[in-house]
Amino acid sequence: MIKDIWNLEKLLGWFSVDVGIDLGTRNTLVCVRGQGIVLNEPSVVAVLKGTNKILKNGTAVGHVAKEMLGKTPRNISAIRPMKDGVISDFEIVEGMLKQFIIKVTGRSRLFAPRVVIAVPSGITAVERQAVIDAATRAGARRVYPIEQPMAAAMGAGLPVGDPTASMIVDIGGGTTDVAIISLGEMVTCESLRFAGDEFDKAIIAHMKKIYGLEIGEQTAERIKIEIGSCAPLAEELTMDVRGRNTKSRLPQRVQVPSDEIREALLEPVNQIVKTVLEVLANANAELSADLVDNGMVLAGGGALLRGLPSVIEERTGLAVRIAEDPLTCVARGTAIYVENLEDWKDTMDSDSDEG
């Protein structure tokens with residue numbers, strides 16, 4: 001019976017589209033077997049306020065919905081249904097995934113796709129199952145969850161299958177995953193529900209405290225990208241920031257220097273560095289020796305914060321480099337799994353014990 005199911009699954013695999021998904025707190029990236037990354041959209045959904053009804057017949061997700069953040073009328077909410085790397089609203093995540101899968105595979109597909117989906121390494125069994133269930137109800141035939149640090153390391157081109165230590169620090173929107181990998185397995189790993197979103201929250205709090213200015217998360221993100229840093233810059237930067245005065249409730253513009261933003265980001269940066277040090281402390285002597293030569297690689301959007309590699313280098317004594325295109329490392333890792341799914345699926349967790 002199991003053999004018959006396996007043969008059927010293999011036959012269906014020839015005719016269906018296999019998909020890899022990086023379901024992120026900030027953005028969702030989708031790749032298709034043989035095509036690479038074909039979708040990169042914000043993990044944002046617009047719904048009728050007080051309900052889980054997605055607007056525009058269920059299509060108000062991604063770019064369309066993000067444009068509404070902070071600007072919706074009273075009867076509409078633009079929300080992020082992922083929080084700290086896990087599902088905060090199951091129904092809405094299901095609807096979002098359904099639209100993304102339709103976008104990349106089409107509505108008229110004969111067979112549902114198999115889906116490889118990346119999950120943070122530190123989530124609970126219940127949270128992991130919620131991701132599998134959401135993808136299944138969104139239209140997947142079979143779901144294979146893989147841990148984000150492994151996917152990120154593969155996407156960054158690290159030799160994860162070799163008998164040597166590879167270290168990855170994946171700083172996403174909601175989680176930071178730090179892992180040391182050898183012989184195809186994560187030897188030691190820590191997952192911190194503290195990442196790029198905390199940078200934005202720190203900036204929002206700073207603007208309110210110092211300038212009495214309320215800003216939204218999109219403005220905070222622009223500040224982080226344009227003038228954010230965690231080490232002194234060769235030439236400090238400034239930026240005009242617009243928001244609402246907390247006392248007068250009127251629109252206001254202020255000029256903000258980069259050294260102030262660096263100070264605001266100090267605490268979240270230190271939290272990430274602390275996690276890196278903890279993972280290194282848990283590595284055995286042989287792995288530690290490898291890392292002296294191999295160093296570590298930063299992935300995820302948080303890796304692009306100015307000065308972060310030099311700060312981690314100074315605190316750890318190891319060489320640190322940013323992966324090529326760090327924002328897409330996890331998605332590219334799922335693409336590698338998708339391309340090799342027939343060979344690897346029996347060694348991966350699945351939503352079924354069969355096949």
# chains A, B, ... in the order shown; residues from 1 in each chain; ligands from 1

$ select_by_dssp --residues "range 56-119 of chain A" --states "alpha helix (DSSP H)" --output "PyMOL selection string"
chain A and resi 56-58+63-66+90-105

$ write_last_selection --atoms "N, CA and C atoms" --output "short mmCIF file (atom, residue, chain, number, x, y, z; two decimals), in the first residue's frame"
data_model
loop_
_atom_site.label_atom_id
_atom_site.label_comp_id
_atom_site.auth_asym_id
_atom_site.auth_seq_id
_atom_site.Cartn_x
_atom_site.Cartn_y
_atom_site.Cartn_z
N LYS A 56 -11.09 42.66 -2.27
CA LYS A 56 -10.90 42.43 -3.71
C LYS A 56 -10.99 40.95 -4.05
N ASN A 57 -12.06 40.32 -3.52
CA ASN A 57 -12.31 38.90 -3.78
C ASN A 57 -11.12 38.01 -3.39
N GLY A 58 -10.49 38.38 -2.29
CA GLY A 58 -9.39 37.57 -1.77
C GLY A 58 -8.03 37.86 -2.37
N HIS A 63 1.83 43.43 -2.38
CA HIS A 63 2.08 44.83 -2.72
C HIS A 63 0.81 45.67 -2.62
N VAL A 64 -0.29 45.12 -3.09
CA VAL A 64 -1.57 45.85 -3.07
C VAL A 64 -1.94 46.23 -1.65
N ALA A 65 -1.77 45.29 -0.73
CA ALA A 65 -2.15 45.54 0.66
C ALA A 65 -1.15 46.44 1.38
N LYS A 66 0.15 46.30 1.09
CA LYS A 66 1.16 47.10 1.80
C LYS A 66 0.97 48.58 1.54
N PHE A 90 -4.29 32.47 11.50
CA PHE A 90 -4.24 31.30 10.62
C PHE A 90 -5.04 31.52 9.34
N GLU A 91 -6.28 31.97 9.48
CA GLU A 91 -7.17 32.11 8.32
C GLU A 91 -6.59 33.07 7.29
N ILE A 92 -6.04 34.18 7.77
CA ILE A 92 -5.53 35.19 6.85
C ILE A 92 -4.25 34.71 6.17
N VAL A 93 -3.39 34.01 6.91
CA VAL A 93 -2.19 33.44 6.29
C VAL A 93 -2.58 32.43 5.21
N GLU A 94 -3.59 31.63 5.49
CA GLU A 94 -4.07 30.67 4.50
C GLU A 94 -4.51 31.38 3.22
N GLY A 95 -5.28 32.47 3.39
CA GLY A 95 -5.74 33.23 2.22
C GLY A 95 -4.60 33.86 1.45
N MET A 96 -3.61 34.38 2.19
CA MET A 96 -2.45 34.99 1.55
C MET A 96 -1.66 33.96 0.76
N LEU A 97 -1.38 32.82 1.38
CA LEU A 97 -0.64 31.76 0.70
C LEU A 97 -1.39 31.27 -0.54
N LYS A 98 -2.71 31.15 -0.41
CA LYS A 98 -3.52 30.68 -1.54
C LYS A 98 -3.34 31.60 -2.74
N GLN A 99 -3.38 32.91 -2.51
CA GLN A 99 -3.21 33.85 -3.62
C GLN A 99 -1.81 33.79 -4.21
N PHE A 100 -0.81 33.66 -3.35
CA PHE A 100 0.57 33.58 -3.87
C PHE A 100 0.78 32.30 -4.68
N ILE A 101 0.21 31.19 -4.20
CA ILE A 101 0.36 29.92 -4.93
C ILE A 101 -0.37 30.01 -6.28
N ILE A 102 -1.56 30.62 -6.29
CA ILE A 102 -2.28 30.79 -7.55
C ILE A 102 -1.48 31.65 -8.52
N LYS A 103 -0.85 32.70 -8.00
CA LYS A 103 -0.06 33.59 -8.85
C LYS A 103 1.05 32.85 -9.58
N VAL A 104 1.69 31.92 -8.89
CA VAL A 104 2.87 31.28 -9.49
C VAL A 104 2.55 29.97 -10.20
N THR A 105 1.40 29.36 -9.89
CA THR A 105 1.08 28.08 -10.53
C THR A 105 -0.13 28.15 -11.44
#

$ residues_around --residues "Leu318 in chain A" --least-positions-apart "2" --cutoff "6 Å" --atoms "only C-alpha atoms" --output "PyMOL selection string"
chain A and resi 295+313+316

$ closest_atom_pairs --of "range 105-128 of chain A" --to "range 181-194 of chain A" --cutoff "12 Å" --atoms "only C-alpha atoms" --output "Markdown table"
| residue | atom | partner | partner_atom | distance |
| --- | --- | --- | --- | --- |
| A:Val119 | CA | A:Ser191 | CA | 10.8 |
| A:Pro120 | CA | A:Ser191 | CA | 7.1 |
| A:Ser121 | CA | A:Ser191 | CA | 6.0 |
| A:Gly122 | CA | A:Ser191 | CA | 4.9 |
| A:Ile123 | CA | A:Ser191 | CA | 8.2 |
| A:Thr124 | CA | A:Ser191 | CA | 11.3 |

$ write_last_selection --atoms "N, CA and C atoms" --output "PDB file, in the first residue's frame"
ATOM      1  N   VAL A 119      10.716  27.348   7.945  1.00  0.00           N
ATOM      2  CA  VAL A 119      10.176  27.729   9.249  1.00  0.00           C
ATOM      3  C   VAL A 119      11.340  28.068  10.179  1.00  0.00           C
ATOM      4  N   PRO A 120      11.134  28.985  11.126  1.00  0.00           N
ATOM      5  CA  PRO A 120      12.198  29.295  12.087  1.00  0.00           C
ATOM      6  C   PRO A 120      12.590  28.055  12.882  1.00  0.00           C
ATOM      7  N   SER A 121      13.836  27.962  13.262  1.00  0.00           N
ATOM      8  CA  SER A 121      14.318  26.765  13.957  1.00  0.00           C
ATOM      9  C   SER A 121      13.765  26.641  15.364  1.00  0.00           C
ATOM     10  N   GLY A 122      13.325  27.739  15.965  1.00  0.00           N
ATOM     11  CA  GLY A 122      12.916  27.697  17.366  1.00  0.00           C
ATOM     12  C   GLY A 122      11.422  27.609  17.599  1.00  0.00           C
ATOM     13  N   ILE A 123      10.615  27.392  16.560  1.00  0.00           N
ATOM     14  CA  ILE A 123       9.173  27.352  16.780  1.00  0.00           C
ATOM     15  C   ILE A 123       8.746  26.043  17.430  1.00  0.00           C
ATOM     16  N   THR A 124       7.585  26.070  18.068  1.00  0.00           N
ATOM     17  CA  THR A 124       7.065  24.885  18.739  1.00  0.00           C
ATOM     18  C   THR A 124       6.445  23.923  17.722  1.00  0.00           C
TER      19      THR A 124
END

$ closest_residue --among "A:Val17, A:Ala264, A:Val30, A:Ile225" --to "Ala303 in chain A" --atoms "only C-alpha atoms"
A:Ile225

$ residues_around --residues "Ile210 in chain A" --least-positions-apart "4" --cutoff "10 Å" --atoms "only C-alpha atoms" --output "PyMOL selection string"
chain A and resi 205-206+260

$ atom_distance --atom1 "CA of Gly243 in chain A" --atom2 "CA of Pro73 in chain A"
18.3 Å

$ closest_residue --among "A:Gly302, A:Gly157, A:Pro149, A:Gly174" --to "Arg80 in chain A" --atoms "only C-alpha atoms"
A:Gly174

$ select_by_dssp --residues "range 138-244 of chain A" --states "strand (DSSP E)" --output "NGL selection string"
:A and (142-147 or 166-171 or 176-182 or 185-192 or 213-214 or 238-244)

$ closest_residue --among "A:Arg142, A:Arg306, A:Arg253, A:Lys247" --to "Ser229 in chain A" --atoms "only C-alpha atoms"
A:Arg306

$ decode --residues "range 185-199 of chain A" --atoms "N, CA and C atoms" --output "short mmCIF file (atom, residue, chain, number, x, y, z; two decimals), in the first residue's frame"
data_model
loop_
_atom_site.label_atom_id
_atom_site.label_comp_id
_atom_site.auth_asym_id
_atom_site.auth_seq_id
_atom_site.Cartn_x
_atom_site.Cartn_y
_atom_site.Cartn_z
N GLU A 185 23.78 18.65 8.98
CA GLU A 185 22.93 18.79 10.16
C GLU A 185 23.31 20.05 10.93
N MET A 186 22.31 20.65 11.61
CA MET A 186 22.59 21.76 12.49
C MET A 186 23.10 21.21 13.82
N VAL A 187 24.36 21.48 14.13
CA VAL A 187 24.98 20.94 15.34
C VAL A 187 24.55 21.73 16.56
N THR A 188 24.50 23.03 16.43
CA THR A 188 24.00 23.89 17.50
C THR A 188 23.28 25.07 16.87
N CYS A 189 22.20 25.51 17.51
CA CYS A 189 21.36 26.53 16.91
C CYS A 189 20.59 27.28 17.98
N GLU A 190 20.38 28.57 17.76
CA GLU A 190 19.53 29.37 18.63
C GLU A 190 18.62 30.22 17.74
N SER A 191 17.37 30.34 18.15
CA SER A 191 16.40 31.17 17.43
C SER A 191 15.90 32.25 18.36
N LEU A 192 16.01 33.49 17.92
CA LEU A 192 15.64 34.65 18.73
C LEU A 192 14.47 35.36 18.07
N ARG A 193 13.39 35.52 18.80
CA ARG A 193 12.23 36.24 18.23
C ARG A 193 12.45 37.73 18.40
N PHE A 194 13.48 38.16 17.71
CA PHE A 194 13.97 39.53 17.88
C PHE A 194 14.83 39.79 16.66
N ALA A 195 14.37 40.65 15.75
CA ALA A 195 15.11 40.82 14.50
C ALA A 195 14.85 42.20 13.89
N GLY A 196 14.69 42.24 12.57
CA GLY A 196 14.57 43.51 11.88
C GLY A 196 13.41 44.37 12.35
N ASP A 197 12.29 43.73 12.74
CA ASP A 197 11.15 44.51 13.24
C ASP A 197 11.52 45.28 14.51
N GLU A 198 12.41 44.70 15.32
CA GLU A 198 12.83 45.38 16.55
C GLU A 198 13.65 46.63 16.24
N PHE A 199 14.40 46.60 15.13
CA PHE A 199 15.11 47.81 14.70
C PHE A 199 14.10 48.93 14.45
#
